[in-house]
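Text of the file coords_30.csv, holding CSV, C-alpha atoms:
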chain,number,residue,atom,x,y,z
A,1,MET,CA,0.9,18.5,27.9
A,2,ALA,CA,0.0,19.3,24.3
A,3,ASP,CA,-2.6,22.0,23.6
A,4,LEU,CA,-5.6,21.8,21.3
A,5,ASP,CA,-4.8,23.4,18.0
A,6,PRO,CA,-7.6,25.9,17.1
A,7,VAL,CA,-6.9,25.5,13.3
A,8,ILE,CA,-7.3,21.7,13.4
A,9,HIS,CA,-10.1,21.7,15.9
A,10,GLN,CA,-12.7,23.0,13.4
A,11,PRO,CA,-14.8,19.9,12.5
A,12,VAL,CA,-14.2,19.9,8.7
A,13,ARG,CA,-10.5,20.6,9.0
A,14,LEU,CA,-10.3,17.9,11.7
A,15,ARG,CA,-11.7,15.3,9.3
A,16,ILE,CA,-9.4,16.5,6.5
A,17,MET,CA,-6.4,16.2,8.7
A,18,ALA,CA,-7.5,12.8,10.0
A,19,SER,CA,-8.0,11.6,6.5
A,20,LEU,CA,-4.6,12.8,5.3
A,21,ALA,CA,-2.8,11.6,8.4
A,22,SER,CA,-4.1,8.1,7.7
A,23,LEU,CA,-2.2,8.0,4.4
A,24,HIS,CA,1.5,7.1,4.3
A,25,GLU,CA,4.0,9.9,4.4
A,26,THR,CA,4.7,9.3,0.7
A,27,GLU,CA,1.0,9.5,-0.3
A,28,ALA,CA,-1.1,12.4,-1.4
A,29,ALA,CA,-4.9,12.4,-1.8
A,30,GLU,CA,-6.6,13.7,-5.0
A,31,PHE,CA,-8.9,16.7,-4.4
A,32,THR,CA,-12.1,15.1,-5.7
A,33,PHE,CA,-11.4,11.8,-3.9
A,34,LEU,CA,-11.1,13.7,-0.6
A,35,ARG,CA,-14.2,15.8,-1.4
A,36,ASP,CA,-16.4,12.8,-2.1
A,37,LEU,CA,-15.0,10.8,0.8
A,38,LEU,CA,-15.7,13.5,3.3
A,39,GLY,CA,-19.0,14.6,1.7
A,40,LEU,CA,-17.9,18.2,1.1
A,41,THR,CA,-18.4,20.6,-1.8
A,42,ASP,CA,-15.6,21.9,-3.9
A,43,GLY,CA,-15.8,25.4,-2.3
A,44,ASN,CA,-15.9,24.0,1.2
A,45,LEU,CA,-12.9,21.7,0.8
A,46,GLY,CA,-11.0,24.4,-1.1
A,47,ALA,CA,-11.6,27.0,1.6
A,48,HIS,CA,-10.5,24.7,4.5
A,49,ALA,CA,-7.6,23.4,2.5
A,50,ARG,CA,-6.3,26.9,1.9
A,51,LYS,CA,-6.5,27.7,5.6
A,52,LEU,CA,-4.5,24.5,6.4
A,53,GLU,CA,-2.0,25.4,3.6
A,54,GLU,CA,-1.6,28.9,5.1
A,55,GLU,CA,-0.7,27.3,8.4
A,56,GLY,CA,1.8,25.0,6.6
A,57,TYR,CA,0.0,21.9,7.7
A,58,ILE,CA,-0.7,20.6,4.1
A,59,SER,CA,0.8,21.0,0.7
A,60,ILE,CA,-1.3,21.4,-2.4
A,61,GLU,CA,0.2,20.4,-5.8
A,62,LYS,CA,-1.3,20.5,-9.2
A,63,ALA,CA,-0.3,17.8,-11.7
A,64,PHE,CA,-1.4,16.2,-15.0
A,65,VAL,CA,-2.5,12.5,-15.0
A,66,GLN,CA,-3.4,11.1,-18.4
A,67,ARG,CA,-3.5,14.7,-19.7
A,68,LYS,CA,-6.1,15.7,-17.1
A,69,PRO,CA,-5.3,18.3,-14.5
A,70,ARG,CA,-5.5,16.9,-10.9
A,71,THR,CA,-4.9,18.5,-7.5
A,72,TYR,CA,-3.1,16.5,-4.9
A,73,ILE,CA,-3.2,17.3,-1.1
A,74,ALA,CA,-0.7,15.9,1.3
A,75,LEU,CA,0.1,16.4,5.0
A,76,THR,CA,3.4,18.2,5.6
A,77,GLY,CA,5.8,17.2,8.4
A,78,LYS,CA,4.6,20.2,10.4
A,79,GLY,CA,1.0,19.2,9.8
A,80,ARG,CA,1.6,15.6,10.9
A,81,LYS,CA,3.3,16.8,14.1
A,82,ALA,CA,0.5,19.3,14.8
A,83,PHE,CA,-2.2,16.6,14.3
A,84,LYS,CA,-0.4,14.2,16.6
A,85,GLY,CA,-0.2,16.9,19.2
A,86,HIS,CA,-3.9,17.7,18.8
A,87,VAL,CA,-4.9,14.0,19.2
A,88,THR,CA,-2.7,13.8,22.3
A,89,ALA,CA,-4.5,16.8,23.8
A,90,LEU,CA,-7.9,15.3,23.1
A,91,GLU,CA,-6.8,12.0,24.7
A,92,SER,CA,-5.4,13.8,27.7
A,93,ILE,CA,-8.8,15.6,28.2
A,94,LEU,CA,-10.4,12.1,28.3
A,95,GLY,CA,-7.7,10.8,30.6
A,96,GLY,CA,-8.1,13.6,33.0
A,97,LYS,CA,-11.8,12.9,33.4
A,98,ARG,CA,-11.3,9.2,34.0
B,1,MET,CA,-13.4,21.4,26.4
B,2,GLU,CA,-15.6,18.7,27.9
B,3,ALA,CA,-14.8,15.0,27.8
B,4,ASP,CA,-17.8,14.1,25.6
B,5,GLU,CA,-16.7,16.7,23.0
B,6,ALA,CA,-13.1,15.3,23.1
B,7,GLN,CA,-14.6,11.8,22.6
B,8,LEU,CA,-16.7,13.0,19.7
B,9,ALA,CA,-13.7,14.6,18.0
B,10,LEU,CA,-11.6,11.4,18.5
B,11,ASP,CA,-14.5,9.3,17.0
B,12,GLN,CA,-14.6,11.6,14.0
B,13,ILE,CA,-10.8,11.2,13.6
B,14,ARG,CA,-11.1,7.4,13.8
B,15,MET,CA,-14.0,7.3,11.3
B,16,ALA,CA,-12.3,9.6,8.8
B,17,ALA,CA,-9.0,7.6,9.0
B,18,GLU,CA,-10.8,4.2,8.5
B,19,GLN,CA,-12.9,5.5,5.6
B,20,THR,CA,-9.8,6.8,3.9
B,21,ARG,CA,-7.6,3.7,4.3
B,22,ARG,CA,-10.5,1.5,3.2
B,23,ALA,CA,-11.3,3.5,0.1
B,24,VAL,CA,-7.6,3.5,-0.9
B,25,ALA,CA,-7.1,-0.2,-0.2
B,26,ARG,CA,-10.3,-1.1,-2.0
B,27,SER,CA,-9.1,0.7,-5.1
B,28,GLY,CA,-5.8,-1.1,-5.5
B,29,THR,CA,-4.2,-3.4,-3.0
B,30,GLY,CA,-6.7,-6.3,-3.3
B,31,TRP,CA,-6.4,-6.4,-7.0
B,32,ILE,CA,-2.6,-6.3,-6.9
B,33,PHE,CA,-2.5,-9.3,-4.6
B,34,ILE,CA,-4.9,-11.2,-6.9
B,35,ILE,CA,-2.9,-10.4,-10.0
B,36,TRP,CA,0.4,-11.5,-8.4
B,37,GLY,CA,-1.3,-14.5,-6.8
B,38,CYS,CA,-2.4,-15.6,-10.3
B,39,VAL,CA,1.2,-15.0,-11.6
B,40,TRP,CA,2.6,-17.2,-8.8
B,41,PHE,CA,0.0,-19.9,-9.2
B,42,ILE,CA,0.4,-20.3,-13.0
B,43,GLY,CA,4.1,-19.8,-12.9
B,44,TYR,CA,4.8,-22.4,-10.2
B,45,LEU,CA,2.3,-24.9,-11.6
B,46,GLY,CA,3.6,-24.4,-15.2
B,47,GLY,CA,7.2,-24.6,-13.9
B,48,GLN,CA,6.5,-27.9,-12.2
B,49,LEU,CA,4.7,-29.4,-15.2
B,50,LEU,CA,6.9,-27.9,-18.0
B,51,GLY,CA,10.4,-27.7,-16.4
B,52,GLY,CA,13.5,-26.4,-18.0
B,53,ALA,CA,13.7,-23.5,-20.4
B,54,SER,CA,9.9,-23.4,-21.1
B,55,SER,CA,9.4,-22.6,-17.4
B,56,GLY,CA,11.8,-19.6,-17.7
B,57,VAL,CA,9.9,-18.3,-20.7
B,58,LEU,CA,6.5,-18.8,-18.9
B,59,TRP,CA,7.8,-16.8,-15.9
B,60,LEU,CA,9.1,-14.0,-18.1
B,61,VAL,CA,5.7,-13.7,-19.9
B,62,LEU,CA,3.8,-13.9,-16.6
B,63,ASP,CA,6.0,-11.2,-15.0
B,64,VAL,CA,5.5,-8.8,-18.0
B,65,LEU,CA,1.7,-9.4,-17.9
B,66,GLY,CA,1.7,-9.0,-14.1
B,67,GLY,CA,3.7,-5.8,-14.4
B,68,ALA,CA,1.3,-4.4,-17.0
B,69,CYS,CA,-1.8,-5.3,-15.0
B,70,THR,CA,-0.2,-3.7,-11.9
B,71,ALA,CA,0.5,-0.5,-13.8
B,72,ILE,CA,-3.1,-0.4,-15.0
B,73,VAL,CA,-4.3,-0.8,-11.4
B,74,GLY,CA,-1.7,1.8,-10.3
B,75,VAL,CA,-3.0,4.4,-12.8
B,76,ARG,CA,-6.6,3.8,-11.6
B,77,THR,CA,-5.5,4.2,-8.0
B,78,ARG,CA,-3.5,7.3,-8.8
B,79,ARG,CA,-6.7,9.0,-9.6
B,80,ARG,CA,-7.4,8.9,-5.9
B,81,VAL,CA,-4.1,8.7,-4.1
B,82,ARG,CA,-0.7,9.5,-5.6
B,83,VAL,CA,2.3,7.6,-4.2
B,84,ALA,CA,5.5,9.5,-4.4
B,85,TYR,CA,8.6,7.5,-5.5
B,86,SER,CA,6.4,5.1,-7.6
B,87,TRP,CA,9.2,5.2,-10.2
B,88,ARG,CA,11.7,4.1,-7.6
B,89,MET,CA,9.4,1.2,-6.7
B,90,ALA,CA,9.3,0.1,-10.3
B,91,GLY,CA,13.1,0.5,-10.4
B,92,LEU,CA,13.5,-1.5,-7.2
B,93,TRP,CA,11.6,-4.5,-8.7
B,94,LEU,CA,13.5,-4.3,-12.0
B,95,ALA,CA,16.8,-4.1,-10.2
B,96,LEU,CA,15.8,-7.1,-8.0
B,97,MET,CA,14.8,-9.2,-11.0
B,98,ALA,CA,18.1,-8.3,-12.8
B,99,TYR,CA,20.2,-9.2,-9.8
B,100,VAL,CA,18.3,-12.4,-9.2
B,101,GLY,CA,19.0,-13.3,-12.9
B,102,LEU,CA,22.7,-12.5,-12.4
B,103,LEU,CA,23.0,-14.5,-9.2
B,104,VAL,CA,21.3,-17.5,-10.8
B,105,TRP,CA,23.7,-17.2,-13.7
B,106,ILE,CA,26.7,-17.0,-11.3
B,107,ALA,CA,25.5,-20.0,-9.3
B,108,TRP,CA,24.5,-22.1,-12.3
B,109,PRO,CA,24.1,-25.1,-12.5
B,110,MET,CA,21.6,-25.3,-9.7
B,111,PRO,CA,19.2,-28.2,-9.0
B,112,PRO,CA,15.6,-27.3,-10.0
B,113,ASP,CA,14.2,-27.3,-6.4
B,114,ARG,CA,17.0,-25.0,-5.2
B,115,LEU,CA,16.4,-22.7,-8.2
B,116,VAL,CA,12.7,-22.4,-7.3
B,117,LEU,CA,13.6,-21.8,-3.7
B,118,PHE,CA,16.2,-19.2,-4.5
B,119,ILE,CA,13.9,-17.2,-6.8
B,120,THR,CA,11.0,-17.4,-4.3
B,121,VAL,CA,13.1,-16.2,-1.4
B,122,ALA,CA,14.6,-13.4,-3.5
B,123,ILE,CA,11.1,-12.1,-4.6
B,124,SER,CA,9.8,-12.5,-1.0
B,125,PHE,CA,12.7,-10.4,0.1
B,126,GLY,CA,11.4,-7.7,-2.3
B,127,TYR,CA,8.0,-7.9,-0.6
B,128,VAL,CA,9.6,-7.6,2.8
B,129,PHE,CA,11.8,-4.7,1.7
B,130,VAL,CA,8.9,-2.7,0.1
B,131,GLY,CA,6.6,-3.8,3.0
B,132,LEU,CA,9.0,-2.3,5.6
B,133,TRP,CA,8.8,1.0,3.7
B,134,LEU,CA,5.1,1.1,2.8
B,135,SER,CA,2.7,-1.6,3.9
B,136,PRO,CA,2.5,-4.1,6.8
B,137,VAL,CA,0.3,-6.4,4.7
B,138,LEU,CA,3.1,-6.7,2.1
B,139,LEU,CA,5.7,-7.2,4.9
B,140,TRP,CA,3.8,-10.1,6.4
B,141,SER,CA,3.1,-11.6,3.0
B,142,GLY,CA,6.8,-11.6,2.3
B,143,LEU,CA,7.7,-13.2,5.6
B,144,VAL,CA,4.9,-15.9,5.2
B,145,LEU,CA,5.9,-16.7,1.6
B,146,THR,CA,9.6,-17.1,2.7
B,147,ALA,CA,8.6,-19.4,5.5
B,148,LEU,CA,6.3,-21.4,3.2
B,149,ALA,CA,9.1,-21.8,0.6
B,150,ILE,CA,11.6,-23.0,3.1
B,151,LEU,CA,9.1,-25.4,4.7
B,152,GLY,CA,8.0,-26.8,1.3
B,153,TRP,CA,11.6,-27.3,0.3
B,154,LEU,CA,12.5,-29.1,3.5
B,155,LEU,CA,9.3,-31.3,3.4
B,156,MET,CA,8.9,-32.1,-0.3
B,157,PRO,CA,11.6,-30.6,-2.5
B,158,ALA,CA,10.5,-32.5,-5.6
B,159,TYR,CA,7.0,-31.0,-5.4
B,160,LEU,CA,8.0,-27.4,-4.4
B,161,GLY,CA,6.3,-26.0,-7.5
B,162,TYR,CA,2.9,-27.5,-6.5
B,163,TRP,CA,3.4,-26.4,-2.9
B,164,MET,CA,4.2,-22.8,-3.9
B,165,ALA,CA,1.4,-22.7,-6.5
B,166,PHE,CA,-1.3,-23.7,-4.1
B,167,LEU,CA,-0.1,-22.2,-0.8
B,168,GLY,CA,1.9,-19.2,-2.1
B,169,GLY,CA,-0.1,-18.2,-5.2
B,170,GLY,CA,-3.4,-19.4,-3.7
B,171,GLY,CA,-2.6,-17.5,-0.5
B,172,LEU,CA,-2.0,-14.3,-2.3
B,173,ILE,CA,-5.3,-14.7,-4.3
B,174,GLY,CA,-7.1,-15.4,-1.0
B,175,LEU,CA,-5.6,-12.4,0.7
B,176,GLY,CA,-6.6,-10.2,-2.3
B,177,ILE,CA,-10.2,-11.5,-2.2
B,178,TYR,CA,-10.3,-11.0,1.6
B,179,ILE,CA,-9.1,-7.4,1.3
B,180,LEU,CA,-11.7,-6.7,-1.4
B,181,SER,CA,-14.5,-8.1,0.6
B,182,ALA,CA,-13.5,-7.1,4.2
B,183,TRP,CA,-12.4,-3.5,3.4
B,184,LYS,CA,-15.7,-2.5,1.8
Can you dump the structure from the file as structure tokens?
Amino acid sequence: MADLDPVIHQPVRLRIMASLASLHETEAAEFTFLRDLLGLTDGNLGAHARKLEEEGYISIEKAFVQRKPRTYIALTGKGRKAFKGHVTALESILGGKR
Amino acid sequence: MEADEAQLALDQIRMAAEQTRRAVARSGTGWIFIIWGCVWFIGYLGGQLLGGASSGVLWLVLDVLGGACTAIVGVRTRRRVRVAYSWRMAGLWLALMAYVGLLVWIAWPMPPDRLVLFITVAISFGYVFVGLWLSPVLLWSGLVLTALAILGWLLMPAYLGYWMAFLGGGGLIGLGIYILSAWK
């Protein structure tokens, strides 16, 4: 049985991971898009994103689009696997109570 | 952890995922279907009415316009979500169009109805191919367009252009409008 991941379990990080996991493997979300979508501040998203990056769950890449700097965040293979494991663990808790 | 906490976490996951997919889809997918639905509608209708070389010129102009509009929508969407390999996607469509042109040249002369069917099935194959890679909506659109083209060719080959304009082009426009309204 998969265990709950303490890094992902934090509510803000859980939503960040869920949002990124809903994208295709070839897609990356722009920082401000993710910030507005989840109703976070720059500092809040930045801090949680750094924590997830340290764990190797997400990758953060800076790029220029139409000469403007943009930051893109994507789930890594390790992150996708960890998130699936976390969801399985949550479902098994529910299953055990049924 | 208690069951109600687990349920709450799963609900948060589902909501965040739905919110994200809808926001992404709203920004690009619907408009791209509408753009290419218009290209199909005008192209097939024009092809049926004009026929011959004028039809080829019309399709060429429409494809360039469609490509330009798709690029504009793509740039707007990229402000939110970046798709890796987007240059490969553009290359795939260019290669497909080049090979379709080459195959038409090899198989020439071809009756007009077979030419329309051939090009439609080839482009639908592109939808299916990209759809398998990226999007179930695109995959199903490709399969439905292929089925529509073959059915139209079997039932009314002389009016295949009208058939594909209204059902194929109209269908794509309808799907785009549905995506824009339903995925709010």
*Using all atoms listed in the file, find the residues of chain B whose closest atom to chain A is at most 10 Å away, then write them as a PyMOL selection string.*
chain B and resi 1-10+12-21+23-24+75+78-86+133-135
*List the neighbours of Gly46 (chain B) out to 12 Å using only C-alpha atoms; skip same-chain residues closer than 2 positions along the sequence, and give me the result as a PyMOL selection string.*
chain B and resi 38-44+48-59+61-62+161-162+164-165
Name the residues, using the chain letters and numbers of the file, that sit within 10 Å of (-0.8, -15.1, -1.4) when counting all atoms listed in the file, and give them as a PDB file with C-alpha atoms, in the coordinates of the input.
ATOM      1  CA  PHE B  33      -2.500  -9.300  -4.600  1.00  0.00           C
ATOM      2  CA  ILE B  34      -4.900 -11.200  -6.900  1.00  0.00           C
ATOM      3  CA  TRP B  36       0.400 -11.500  -8.400  1.00  0.00           C
ATOM      4  CA  GLY B  37      -1.300 -14.500  -6.800  1.00  0.00           C
ATOM      5  CA  CYS B  38      -2.400 -15.600 -10.300  1.00  0.00           C
ATOM      6  CA  TRP B  40       2.600 -17.200  -8.800  1.00  0.00           C
ATOM      7  CA  PHE B  41       0.000 -19.900  -9.200  1.00  0.00           C
ATOM      8  CA  LEU B 138       3.100  -6.700   2.100  1.00  0.00           C
ATOM      9  CA  SER B 141       3.100 -11.600   3.000  1.00  0.00           C
ATOM     10  CA  GLY B 142       6.800 -11.600   2.300  1.00  0.00           C
ATOM     11  CA  VAL B 144       4.900 -15.900   5.200  1.00  0.00           C
ATOM     12  CA  LEU B 145       5.900 -16.700   1.600  1.00  0.00           C
ATOM     13  CA  MET B 164       4.200 -22.800  -3.900  1.00  0.00           C
ATOM     14  CA  ALA B 165       1.400 -22.700  -6.500  1.00  0.00           C
ATOM     15  CA  PHE B 166      -1.300 -23.700  -4.100  1.00  0.00           C
ATOM     16  CA  LEU B 167      -0.100 -22.200  -0.800  1.00  0.00           C
ATOM     17  CA  GLY B 168       1.900 -19.200  -2.100  1.00  0.00           C
ATOM     18  CA  GLY B 169      -0.100 -18.200  -5.200  1.00  0.00           C
ATOM     19  CA  GLY B 170      -3.400 -19.400  -3.700  1.00  0.00           C
ATOM     20  CA  GLY B 171      -2.600 -17.500  -0.500  1.00  0.00           C
ATOM     21  CA  LEU B 172      -2.000 -14.300  -2.300  1.00  0.00           C
ATOM     22  CA  ILE B 173      -5.300 -14.700  -4.300  1.00  0.00           C
ATOM     23  CA  GLY B 174      -7.100 -15.400  -1.000  1.00  0.00           C
ATOM     24  CA  LEU B 175      -5.600 -12.400   0.700  1.00  0.00           C
ATOM     25  CA  GLY B 176      -6.600 -10.200  -2.300  1.00  0.00           C
TER      26      GLY B 176
END
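For the choices A:Ile58, A:Val7, A:Leu40, A:Ala63, the atom-to-atom distance to Lys78 (chain A) is smallest for A:Ile58 when using all atoms listed in the file.
When CA of Leu60 (chain B) is paired with CA of Ala98 (chain B), their separation reads 11.9 Å.
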Dump N, CA and C atoms of region 72-97 of chain A from the given block, as a compact mmCIF listing (two decimals), in the first residue's frame.
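Here's the written file result23.txt:
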# COMPACT_ATOMS: atom_id res chain seq x y z
N TYR A 72 8.24 28.93 -16.14
CA TYR A 72 7.35 27.79 -16.38
C TYR A 72 7.62 26.69 -15.36
N ILE A 73 6.54 26.11 -14.86
CA ILE A 73 6.65 25.05 -13.85
C ILE A 73 6.01 23.78 -14.41
N ALA A 74 6.74 22.67 -14.31
CA ALA A 74 6.21 21.39 -14.82
C ALA A 74 6.48 20.28 -13.82
N LEU A 75 5.63 19.28 -13.84
CA LEU A 75 5.82 18.11 -12.99
C LEU A 75 6.92 17.24 -13.60
N THR A 76 7.80 16.71 -12.77
CA THR A 76 8.82 15.78 -13.29
C THR A 76 8.23 14.36 -13.25
N GLY A 77 8.93 13.42 -13.84
CA GLY A 77 8.48 12.02 -13.80
C GLY A 77 8.39 11.54 -12.36
N LYS A 78 9.38 11.94 -11.54
CA LYS A 78 9.39 11.55 -10.12
C LYS A 78 8.17 12.15 -9.41
N GLY A 79 7.87 13.43 -9.74
CA GLY A 79 6.73 14.11 -9.13
C GLY A 79 5.41 13.46 -9.50
N ARG A 80 5.29 13.09 -10.77
CA ARG A 80 4.04 12.46 -11.24
C ARG A 80 3.82 11.13 -10.51
N LYS A 81 4.91 10.38 -10.35
CA LYS A 81 4.83 9.07 -9.68
C LYS A 81 4.47 9.27 -8.19
N ALA A 82 5.12 10.26 -7.57
CA ALA A 82 4.85 10.53 -6.14
C ALA A 82 3.40 10.98 -5.94
N PHE A 83 2.91 11.81 -6.87
CA PHE A 83 1.54 12.30 -6.75
C PHE A 83 0.54 11.15 -6.89
N LYS A 84 0.79 10.27 -7.86
CA LYS A 84 -0.10 9.11 -8.04
C LYS A 84 -0.12 8.25 -6.78
N GLY A 85 1.07 8.07 -6.19
CA GLY A 85 1.18 7.27 -4.97
C GLY A 85 0.39 7.92 -3.83
N HIS A 86 0.46 9.26 -3.76
CA HIS A 86 -0.24 9.98 -2.70
C HIS A 86 -1.76 9.84 -2.87
N VAL A 87 -2.23 9.95 -4.11
CA VAL A 87 -3.66 9.81 -4.39
C VAL A 87 -4.12 8.39 -4.05
N THR A 88 -3.31 7.41 -4.40
CA THR A 88 -3.64 6.01 -4.09
C THR A 88 -3.76 5.81 -2.57
N ALA A 89 -2.83 6.45 -1.84
CA ALA A 89 -2.85 6.34 -0.38
C ALA A 89 -4.13 6.96 0.19
N LEU A 90 -4.52 8.12 -0.35
CA LEU A 90 -5.75 8.78 0.10
C LEU A 90 -6.97 7.89 -0.20
N GLU A 91 -6.99 7.32 -1.38
CA GLU A 91 -8.13 6.46 -1.77
C GLU A 91 -8.18 5.20 -0.90
N SER A 92 -7.01 4.70 -0.55
CA SER A 92 -7.01 3.48 0.28
C SER A 92 -7.51 3.77 1.68
N ILE A 93 -7.29 5.01 2.17
CA ILE A 93 -7.84 5.39 3.48
C ILE A 93 -9.36 5.36 3.42
N LEU A 94 -9.90 5.90 2.35
CA LEU A 94 -11.36 5.89 2.16
C LEU A 94 -11.87 4.46 2.01
N GLY A 95 -11.15 3.68 1.22
CA GLY A 95 -11.53 2.27 0.98
C GLY A 95 -11.55 1.47 2.25
N GLY A 96 -10.60 1.72 3.14
CA GLY A 96 -10.50 0.99 4.40
C GLY A 96 -11.63 1.30 5.34
N LYS A 97 -12.23 2.49 5.16
CA LYS A 97 -13.32 2.90 6.08
C LYS A 97 -14.68 2.45 5.55
